[in-house]
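For reference, data_5.cif is printed below; it contains mmCIF, C-alpha atoms.
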```cif
data_structure
#
loop_
_atom_site.label_atom_id
_atom_site.label_comp_id
_atom_site.auth_asym_id
_atom_site.auth_seq_id
_atom_site.Cartn_x
_atom_site.Cartn_y
_atom_site.Cartn_z
CA MET A 3 61.09 167.12 90.54
CA THR A 4 64.43 166.13 88.96
CA THR A 5 67.23 165.62 91.45
CA GLN A 6 70.46 163.67 91.07
CA SER A 7 71.85 160.47 92.46
CA LEU A 8 73.92 160.49 95.63
CA VAL A 9 77.60 159.91 94.88
CA LEU A 10 79.46 158.79 97.99
CA ASN A 11 81.61 155.94 99.25
CA GLU A 12 79.30 153.37 100.81
CA ASP A 13 78.93 149.65 101.44
CA GLN A 14 75.32 148.52 101.38
CA PHE A 15 73.16 145.63 100.29
CA CYS A 16 70.49 147.22 98.08
CA VAL A 17 71.58 147.75 94.47
CA TYR A 18 68.77 150.19 93.62
CA ARG A 19 68.82 152.86 96.33
CA SER A 20 71.41 154.40 98.62
CA VAL A 21 70.83 154.04 102.35
CA GLU A 22 70.68 157.85 102.50
CA SER A 23 68.47 158.37 99.43
CA ALA A 24 64.87 159.55 99.40
CA GLY A 25 62.01 159.47 96.91
CA THR A 26 60.47 156.71 94.80
CA ARG A 27 62.48 154.91 92.16
CA VAL A 28 61.55 152.31 89.56
CA LEU A 29 63.79 149.77 87.85
CA TRP A 30 62.17 149.44 84.43
CA GLU A 31 63.36 146.47 82.38
CA LEU A 32 62.45 147.95 79.03
CA THR A 33 63.48 144.80 77.19
CA SER A 34 65.17 141.52 78.05
CA ALA A 35 66.89 141.50 74.63
CA CYS A 36 70.65 141.95 74.74
CA ASN A 37 73.57 141.86 72.32
CA LEU A 38 75.90 140.24 74.89
CA LYS A 39 75.96 136.87 76.66
CA CYS A 40 77.34 137.42 80.17
CA GLU A 41 77.15 134.28 82.30
CA PHE A 42 76.56 136.29 85.48
CA CYS A 43 73.42 137.97 84.07
CA LEU A 44 70.37 137.68 86.33
CA VAL A 45 67.83 138.76 83.69
CA GLU A 46 65.58 135.93 82.64
CA MET A 47 65.05 135.77 78.86
CA LYS A 48 61.40 136.78 78.41
CA ARG A 49 61.35 136.97 74.58
CA LYS A 50 58.62 139.62 74.60
CA GLN A 51 58.52 143.39 74.86
CA LEU A 52 55.97 146.13 74.42
CA PRO A 53 55.86 148.38 71.33
CA ALA A 54 56.85 152.05 71.44
CA ASP A 55 53.32 153.41 71.98
CA ALA A 56 52.74 151.07 74.93
CA VAL A 57 55.98 151.99 76.70
CA LEU A 58 55.08 155.67 76.36
CA ARG A 59 51.84 154.93 78.21
CA ILE A 60 53.90 153.32 80.97
CA ALA A 61 56.10 156.41 81.11
CA ASP A 62 52.97 158.52 81.57
CA ASP A 63 51.80 156.17 84.33
CA LEU A 64 55.12 156.56 86.14
CA VAL A 65 54.76 160.33 86.00
CA ALA A 66 51.19 160.05 87.30
CA ALA A 67 52.46 157.86 90.17
CA ARG A 68 54.89 160.66 91.12
CA VAL A 69 57.99 158.52 90.65
CA ASP A 70 61.18 160.50 91.26
CA LYS A 71 63.72 158.32 89.47
CA VAL A 72 63.55 155.69 86.73
CA LEU A 73 66.40 153.31 85.98
CA LEU A 74 65.98 152.19 82.36
CA SER A 75 67.44 148.73 82.13
CA GLY A 76 67.38 145.49 80.16
CA GLY A 77 68.69 143.35 78.69
CA GLU A 78 70.10 146.25 76.77
CA PRO A 79 67.63 149.18 76.79
CA LEU A 80 69.26 150.87 73.78
CA LEU A 81 67.95 147.99 71.64
CA HIS A 82 64.33 149.03 72.28
CA PRO A 83 62.97 151.29 69.50
CA GLY A 84 61.08 153.44 72.01
CA VAL A 85 63.94 154.20 74.38
CA GLU A 86 64.61 157.78 73.25
CA ALA A 87 60.91 158.72 73.33
CA VAL A 88 60.57 157.22 76.82
CA MET A 89 63.57 159.17 78.07
CA ARG A 90 62.17 162.39 76.63
CA ARG A 91 58.72 161.83 78.11
CA LEU A 92 60.12 161.16 81.59
CA CYS A 93 62.67 163.99 81.53
CA GLU A 94 60.13 166.53 80.32
CA ALA A 95 57.98 165.62 83.33
CA GLY A 96 60.89 166.22 85.72
CA VAL A 97 61.74 162.55 86.43
CA LEU A 98 65.42 161.72 86.92
CA VAL A 99 66.41 159.11 84.33
CA LYS A 100 69.34 156.77 84.71
CA LEU A 101 70.22 154.61 81.71
CA LEU A 102 71.74 151.23 82.60
CA THR A 103 73.57 150.10 79.47
CA ASN A 104 76.37 147.66 78.77
CA GLY A 105 78.04 150.48 76.83
CA THR A 106 78.65 148.53 73.61
CA VAL A 107 75.63 149.76 71.64
CA ALA A 108 76.01 153.05 69.78
CA ASN A 109 72.83 155.14 69.63
CA PRO A 110 73.72 158.63 68.38
CA ALA A 111 70.21 160.07 68.83
CA VAL A 112 70.06 158.93 72.46
CA PHE A 113 73.61 160.13 73.13
CA ASP A 114 72.74 163.55 71.67
CA TYR A 115 69.71 163.76 73.96
CA ILE A 116 71.72 162.71 77.02
CA ARG A 117 74.24 165.48 76.35
CA ALA A 118 71.49 168.05 75.82
CA SER A 119 69.38 167.00 78.80
CA GLY A 120 71.67 168.24 81.53
CA SER A 121 70.34 165.60 83.93
CA ILE A 122 70.29 162.06 82.50
CA GLU A 123 72.73 159.74 84.24
CA VAL A 124 74.33 156.67 82.66
CA SER A 125 75.74 153.49 84.18
CA LEU A 126 77.95 151.27 82.03
CA SER A 127 79.28 147.77 82.63
CA VAL A 128 83.04 147.18 82.86
CA PRO A 129 83.94 143.76 84.30
CA THR A 130 87.62 143.92 83.37
CA ALA A 131 90.23 146.32 81.99
CA ASP A 132 91.75 143.59 79.80
CA PRO A 133 90.36 143.71 76.23
CA ARG A 134 90.65 139.96 75.61
CA ALA A 135 89.12 139.10 78.97
CA ALA A 136 86.27 141.54 78.31
CA ASP A 137 85.47 139.88 74.98
CA ALA A 138 85.54 136.47 76.69
CA ILE A 139 83.15 137.59 79.44
CA PHE A 140 80.79 139.45 77.10
CA LYS A 141 81.18 136.86 74.30
CA SER A 142 81.43 139.65 71.74
CA PRO A 143 84.38 141.33 69.96
CA ASP A 144 85.97 144.71 70.72
CA THR A 145 83.75 145.30 73.74
CA LEU A 146 86.13 147.33 75.89
CA ALA A 147 86.98 149.66 73.01
CA ARG A 148 83.26 150.20 72.36
CA ILE A 149 82.62 150.96 76.03
CA ALA A 150 85.53 153.43 76.09
CA GLY A 151 84.04 155.05 72.98
CA THR A 152 80.66 155.41 74.68
CA ILE A 153 82.27 156.99 77.74
CA ALA A 154 84.03 159.49 75.47
CA GLU A 155 80.65 160.41 73.90
CA LEU A 156 78.87 161.21 77.16
CA PRO A 157 79.16 163.82 79.96
CA THR A 158 81.73 162.33 82.31
CA ALA A 159 80.28 163.93 85.45
CA ARG A 160 77.02 162.00 84.99
CA LEU A 161 78.59 158.57 84.46
CA ASN A 162 78.88 155.56 86.73
CA VAL A 163 80.63 152.29 85.98
CA ILE A 164 79.27 149.01 87.32
CA CYS A 165 81.61 146.07 87.81
CA ALA A 166 79.90 142.80 88.69
CA VAL A 167 82.53 140.94 90.72
CA SER A 168 82.70 137.20 90.16
CA ARG A 169 85.18 134.33 90.10
CA MET A 170 85.76 135.23 86.43
CA ASN A 171 87.17 138.73 87.08
CA VAL A 172 87.97 139.22 90.78
CA ASP A 173 91.73 139.22 90.19
CA GLY A 174 91.39 142.19 87.83
CA VAL A 175 89.26 144.53 89.96
CA ALA A 176 92.23 146.76 90.87
CA ASP A 177 92.86 147.35 87.17
CA VAL A 178 89.18 148.20 86.62
CA ILE A 179 89.33 150.82 89.38
CA ASP A 180 92.42 152.40 87.81
CA TRP A 181 90.84 152.24 84.31
CA VAL A 182 87.74 154.08 85.53
CA ALA A 183 89.75 156.69 87.45
CA GLN A 184 91.97 157.38 84.44
CA ARG A 185 88.89 158.28 82.38
CA GLY A 186 87.60 160.75 84.93
CA VAL A 187 84.41 158.82 85.71
CA PRO A 188 83.38 159.95 89.22
CA CYS A 189 81.72 156.76 90.50
CA LEU A 190 82.36 153.01 90.39
CA SER A 191 79.92 150.43 91.77
CA LEU A 192 81.26 146.99 92.65
CA THR A 193 78.43 144.51 93.02
CA ASP A 194 78.14 140.90 94.05
CA ILE A 195 76.31 138.49 91.77
CA PHE A 196 72.60 138.41 92.66
CA LYS A 197 69.19 137.26 91.43
CA ASP A 198 65.66 136.58 92.67
CA PRO A 199 64.90 133.42 94.71
CA VAL A 200 63.00 131.41 92.09
CA SER A 201 63.50 132.39 88.44
CA PRO A 202 66.36 130.93 86.39
CA ALA A 203 69.19 133.26 85.46
CA ARG A 204 69.77 134.02 81.80
CA PHE A 205 72.34 131.36 80.94
CA ARG A 206 72.47 129.14 84.04
CA ASP A 207 70.03 127.99 86.69
CA ASP A 208 71.58 130.21 89.35
CA CYS A 209 74.25 132.76 88.44
CA ARG A 210 75.10 133.14 92.14
CA ASP A 211 77.33 130.07 91.81
CA LEU A 212 79.86 132.50 90.30
CA ARG A 213 80.20 134.48 93.55
CA ILE A 214 83.64 134.93 95.08
CA ASP A 215 84.50 133.16 98.34
CA ALA A 216 85.00 134.64 101.82
CA GLU A 217 88.76 135.08 101.48
CA GLN A 218 88.35 136.82 98.14
CA ARG A 219 85.77 139.13 99.73
CA ARG A 220 88.17 140.10 102.49
CA ALA A 221 90.84 140.85 99.89
CA LEU A 222 88.34 142.84 97.82
CA PHE A 223 87.36 145.09 100.72
CA ALA A 224 91.01 145.65 101.64
CA LEU A 225 91.60 146.70 98.03
CA VAL A 226 88.58 149.02 98.12
CA ALA A 227 89.89 150.70 101.27
CA ARG A 228 93.27 151.33 99.62
CA LYS A 229 91.76 152.63 96.39
CA ARG A 230 89.32 154.93 98.20
CA GLU A 231 92.30 156.53 99.88
CA GLN A 232 94.31 156.66 96.64
CA TYR A 233 91.51 158.31 94.65
CA HIS A 234 89.97 160.41 97.41
CA GLY A 235 88.18 163.38 95.87
CA ARG A 236 88.42 161.89 92.38
CA LEU A 237 86.55 158.59 92.45
CA VAL A 238 83.77 157.26 94.68
CA ILE A 239 83.68 153.47 95.11
CA ARG A 240 80.42 151.86 96.18
CA THR A 241 79.85 148.19 97.00
CA THR A 242 76.47 146.47 96.90
CA GLN A 243 75.14 143.01 97.79
CA PHE A 244 78.28 142.15 99.78
CA VAL A 245 77.45 143.63 103.21
CA ALA A 246 74.39 145.29 104.77
CA GLN A 247 74.27 148.18 107.21
CA PRO A 248 72.26 148.11 110.48
CA CYS A 249 70.36 151.18 109.31
CA GLU A 250 69.44 149.57 105.99
CA THR A 251 65.75 148.88 105.38
CA CYS A 252 64.27 147.14 102.37
CA MET A 253 61.78 149.47 100.68
CA ALA A 254 60.67 147.10 97.91
CA GLY A 255 57.04 147.70 97.03
CA ARG A 256 56.95 150.99 98.94
CA THR A 257 59.54 153.34 97.45
CA VAL A 258 61.24 150.81 95.14
CA PHE A 259 59.41 149.09 92.27
CA TYR A 260 60.21 146.88 89.29
CA VAL A 261 58.45 147.05 85.91
CA ASP A 262 59.10 144.11 83.58
CA PRO A 263 59.19 144.24 79.75
CA MET A 264 55.45 143.52 79.51
CA GLY A 265 54.49 146.24 81.98
CA ALA A 266 53.85 144.06 85.03
CA VAL A 267 54.78 145.77 88.31
CA ALA A 268 56.48 143.90 91.17
CA PRO A 269 58.18 145.06 94.38
CA CYS A 270 61.74 144.40 93.15
CA THR A 271 63.84 142.27 90.83
CA VAL A 272 64.96 140.10 93.77
CA THR A 273 61.53 139.26 95.23
CA ASP A 274 59.55 136.13 94.33
CA ASN A 275 57.28 137.96 91.91
CA ARG A 276 54.83 135.22 90.96
CA PRO A 277 52.22 136.15 93.60
CA TRP A 278 52.71 139.87 93.04
CA ARG A 279 52.11 139.62 89.31
CA ALA A 280 48.91 137.72 90.03
CA ALA A 281 47.77 140.27 92.64
CA THR A 282 48.23 143.23 90.28
CA ALA A 283 47.14 141.58 87.03
CA GLY A 284 44.93 143.89 85.00
CA LEU A 285 46.13 147.06 86.72
CA ARG A 286 47.94 149.79 84.85
CA VAL A 287 51.37 150.69 86.14
CA ASP A 288 50.21 153.67 88.21
CA GLY A 289 47.34 151.61 89.63
CA ALA A 290 49.69 148.78 90.58
CA ILE A 291 52.07 151.16 92.33
CA ALA A 292 49.12 152.65 94.23
CA TRP A 293 48.03 149.14 95.23
CA TYR A 294 51.48 148.28 96.63
CA ARG A 295 51.67 151.56 98.53
CA ARG A 296 48.28 150.83 100.06
CA GLU A 297 48.65 147.10 100.78
CA LEU A 298 52.32 146.55 101.63
CA THR A 299 53.24 147.54 105.17
CA GLY A 300 56.54 145.67 105.39
CA ALA A 301 59.29 144.29 103.21
CA PRO A 302 58.25 141.36 100.99
CA ALA A 303 60.32 138.17 101.03
CA SER A 304 63.33 138.36 98.75
CA SER A 305 66.82 137.02 98.24
CA CYS A 306 67.97 139.91 100.48
CA SER A 307 65.70 139.05 103.43
CA ALA A 308 68.00 136.76 105.41
CA THR A 309 70.98 139.12 105.23
CA LEU A 310 68.99 142.20 106.20
CA ALA A 311 67.29 140.33 109.06
CA ALA A 312 70.62 139.13 110.40
CA VAL A 313 72.05 142.65 110.42
CA ALA A 314 68.94 144.08 112.05
CA ALA A 315 68.92 141.45 114.81
CA PRO A 316 72.46 140.02 115.12
CA GLU A 317 71.69 138.44 118.48
CA ALA A 318 69.25 136.10 116.72
CA VAL A 319 72.02 134.66 114.52
CA THR A 320 73.68 131.49 115.76
CA SER A 321 76.80 129.89 114.44
#
```

Mind converting the file's structure to structure tokens?
Amino acid sequence: MTTQSLVLNEDQFCVYRSVESAGTRVLWELTSACNLKCEFCLVEMKRKQLPADAVLRIADDLVAARVDKVLLSGGEPLLHPGVEAVMRRLCEAGVLVKLLTNGTVANPAVFDYIRASGSIEVSLSVPTADPRAADAIFKSPDTLARIAGTIAELPTARLNVICAVSRMNVDGVADVIDWVAQRGVPCLSLTDIFKDPVSPARFRDDCRDLRIDAEQRRALFALVARKREQYHGRLVIRTTQFVAQPCETCMAGRTVFYVDPMGAVAPCTVTDNRPWRAATAGLRVDGAIAWYRRELTGAPASSCSATLAAVAAPEAVTS
């Protein structure tokens, strides 16, 4: 069942699946705990997580639900004591695993398994190529050096760098692109700041107040066009949450799912998940996924809804 992620230049709205991708994927927030304090973080502090035996049962449920790809996220997933066992359980069942890490946490056992697996993909966070600026954004020392060390430990061909673009780092995005290209990483994802419609962000009520303005967006996309040409054949640059494509369809709750640190299943991280948690309360993860597949016939309301609707029916948009 294991495949691999599509690696191609694209500008799309969804952060969890390519417009051209197929199969079912799950964003699993293994823990909300994190060693960093990024102001743009959308992950609400939940202060609870499941023990290692319970997360292994969830891994088995995901296999039973015939999930094709699992994105192991946080917080910082490498802080969870069960992360290696979960990765092994999923990989042995043929599920494609992608680890979403900030890159500053060393975990030799996990790194050894990633190298040996031949399939596990890793995304790391690099908001700036300036060491001092990185420490200021992450609110932790020596972060860029630690991330570079992690990149050096892992198979370059299976790496992706994520750069969340905000007012704090937009002027340094060109340097990030060059920094990633110099290290031979094949893919860079530039993403706008996003969150769900109702929950507070981690350190502020709404982290979307850090988004860049329209003029900065135009400059960003001009930069991306130049850098795609400069690094053609060496580096793919994706953008997400900035623009949507007419062919883009939200698949939340149908082929995209979100599992929170306590094992509750919701359609996505950017949907209002209060009613969905209530509707699936008491169901195991595979049962909840089956319920969504059976009951959801269209996209649930989310922070993406207005943008996707406007692209799908531009004549309905008035100035």

Would you list the contacts of Val9 (chain A) as a PyMOL selection string, taking every protein, DNA or RNA residue within 10 Å and counting all atoms listed in the file, but skipping same-chain residues closer than 5 positions in sequence?
-> chain A and resi 20+162+188-190+237-240

Can you list what the PyMOL selection byres ((chain A and resi 93) around 10) grabs from this structure, as a PyMOL selection string?
-> chain A and resi 3-4+65+71-72+87-92+94-99+119-122

The PyMOL selection byres ((chain A and resi 35) around 7) on the file shown: which residues, as a short mmCIF file (atom, residue, chain, number, x, y, z; two decimals) with C-alpha atoms, keeping the file's coordinate frame?
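Wrote it out as selection15.cif, contents follow:
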```cif
data_model
loop_
_atom_site.label_atom_id
_atom_site.label_comp_id
_atom_site.auth_asym_id
_atom_site.auth_seq_id
_atom_site.Cartn_x
_atom_site.Cartn_y
_atom_site.Cartn_z
CA THR A 33 63.48 144.80 77.19
CA SER A 34 65.17 141.52 78.05
CA CYS A 36 70.65 141.95 74.74
CA GLY A 76 67.38 145.49 80.16
CA GLY A 77 68.69 143.35 78.69
CA GLU A 78 70.10 146.25 76.77
#
```

Excluding Phe113 (chain A) and its own-chain neighbours fewer than 4 positions away, which residues fall within 9 Å of it when counting only C-alpha atoms? Please give them as a PDB file with C-alpha atoms, keeping the file's coordinate frame.
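Saved to around-v2.pdb:
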```pdb
ATOM      1  CA  ALA A 108      76.010 153.050  69.780  1.00  0.00           C
ATOM      2  CA  ASN A 109      72.830 155.140  69.630  1.00  0.00           C
ATOM      3  CA  ARG A 117      74.240 165.480  76.350  1.00  0.00           C
ATOM      4  CA  ALA A 118      71.490 168.050  75.820  1.00  0.00           C
ATOM      5  CA  THR A 152      80.660 155.410  74.680  1.00  0.00           C
ATOM      6  CA  GLU A 155      80.650 160.410  73.900  1.00  0.00           C
ATOM      7  CA  LEU A 156      78.870 161.210  77.160  1.00  0.00           C
TER       8      LEU A 156
END
```

Would you list the contacts of Gly84 (chain A) as a PDB file with C-alpha atoms, keeping the file's coordinate frame, taking every protein, DNA or RNA residue within 10 Å and counting only C-alpha atoms, but skipping same-chain residues closer than 4 positions in sequence?
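Output below, filename out-v6.pdb:
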```pdb
ATOM      1  CA  LEU A  32      62.450 147.950  79.030  1.00  0.00           C
ATOM      2  CA  LEU A  52      55.970 146.130  74.420  1.00  0.00           C
ATOM      3  CA  PRO A  53      55.860 148.380  71.330  1.00  0.00           C
ATOM      4  CA  ALA A  54      56.850 152.050  71.440  1.00  0.00           C
ATOM      5  CA  ASP A  55      53.320 153.410  71.980  1.00  0.00           C
ATOM      6  CA  ALA A  56      52.740 151.070  74.930  1.00  0.00           C
ATOM      7  CA  VAL A  57      55.980 151.990  76.700  1.00  0.00           C
ATOM      8  CA  LEU A  58      55.080 155.670  76.360  1.00  0.00           C
ATOM      9  CA  PRO A  79      67.630 149.180  76.790  1.00  0.00           C
ATOM     10  CA  LEU A  80      69.260 150.870  73.780  1.00  0.00           C
ATOM     11  CA  VAL A  88      60.570 157.220  76.820  1.00  0.00           C
ATOM     12  CA  MET A  89      63.570 159.170  78.070  1.00  0.00           C
TER      13      MET A  89
END
```

A:Glu217, A:Thr158, A:Phe15, A:Asp211: which is nearest Leu310 (chain A), counting all atoms listed in the file?
->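 Of A:Glu217, A:Thr158, A:Phe15, A:Asp211, the one nearest Leu310 (chain A), counting all atoms listed in the file, is A:Phe15.
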
Quick one: everything within 12 Å of Ala176 (chain A), counting all atoms listed in the file, minus sequence neighbours fewer than 5 positions away in the same chain. Send it as a list of chain:residue names.
-> A:Pro129, A:Thr130, A:Ala131, A:Asp132, A:Cys165, A:Val167, A:Asn171, A:Trp181, A:Val182, A:Ala183, A:Leu190, A:Leu192, A:Ala221, A:Leu222, A:Phe223, A:Ala224, A:Leu225, A:Val226, A:Ala227, A:Arg228, A:Lys229, A:Arg230, A:Gln232, A:Ile239

Keeping C-alpha atoms for every residue in the selection just given, could you write it to a file as an mmCIF file, in the coordinates of the input?
```
data_model
loop_
_atom_site.group_PDB
_atom_site.id
_atom_site.type_symbol
_atom_site.label_atom_id
_atom_site.label_comp_id
_atom_site.auth_asym_id
_atom_site.auth_seq_id
_atom_site.Cartn_x
_atom_site.Cartn_y
_atom_site.Cartn_z
ATOM 1 C CA PRO A 129 83.940 143.760 84.300
ATOM 2 C CA THR A 130 87.620 143.920 83.370
ATOM 3 C CA ALA A 131 90.230 146.320 81.990
ATOM 4 C CA ASP A 132 91.750 143.590 79.800
ATOM 5 C CA CYS A 165 81.610 146.070 87.810
ATOM 6 C CA VAL A 167 82.530 140.940 90.720
ATOM 7 C CA ASN A 171 87.170 138.730 87.080
ATOM 8 C CA TRP A 181 90.840 152.240 84.310
ATOM 9 C CA VAL A 182 87.740 154.080 85.530
ATOM 10 C CA ALA A 183 89.750 156.690 87.450
ATOM 11 C CA LEU A 190 82.360 153.010 90.390
ATOM 12 C CA LEU A 192 81.260 146.990 92.650
ATOM 13 C CA ALA A 221 90.840 140.850 99.890
ATOM 14 C CA LEU A 222 88.340 142.840 97.820
ATOM 15 C CA PHE A 223 87.360 145.090 100.720
ATOM 16 C CA ALA A 224 91.010 145.650 101.640
ATOM 17 C CA LEU A 225 91.600 146.700 98.030
ATOM 18 C CA VAL A 226 88.580 149.020 98.120
ATOM 19 C CA ALA A 227 89.890 150.700 101.270
ATOM 20 C CA ARG A 228 93.270 151.330 99.620
ATOM 21 C CA LYS A 229 91.760 152.630 96.390
ATOM 22 C CA ARG A 230 89.320 154.930 98.200
ATOM 23 C CA GLN A 232 94.310 156.660 96.640
ATOM 24 C CA ILE A 239 83.680 153.470 95.110
#
```

Check which residues satisfy the PyMOL selection byres ((chain A and resi 264-280) around 9) in the file shown, then give them as a PyMOL selection string.
-> chain A and resi 28-33+45+50-52+56-57+60+196-201+253-263+281-287+290-291+294+301-306

What does the distance between CA of Phe244 (chain A) and CA of Ile214 (chain A) come to in Å, to one decimal place?
->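 Rounded to one decimal, the two atoms are 10.1 Å apart.
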
Which residue gives the smallest distance to Ala311 (chain A) among A:Gln247, A:Asn104, A:Ser75, A:Ser142, with only C-alpha atoms counted?
->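 Smallest distance to Ala311 (chain A) is found for A:Gln247.
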
Using all atoms listed in the file, which residues sit within 8 Å of Glu41 (chain A) once same-chain residues fewer than 6 positions away are excluded, as a ChimeraX atom specification?
-> /A:139,204-206,209

Name the closest residue to Leu212 (chain A) among the candidates A:Gln184, A:Val69, A:Val172, A:Glu46; distances are taken between atoms, counting only C-alpha atoms.
-> A:Val172

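Closest approach to Leu102 (chain A) among A:Ile116, A:Cys252, A:Val124, A:Val163: A:Val124, based on only C-alpha atoms.
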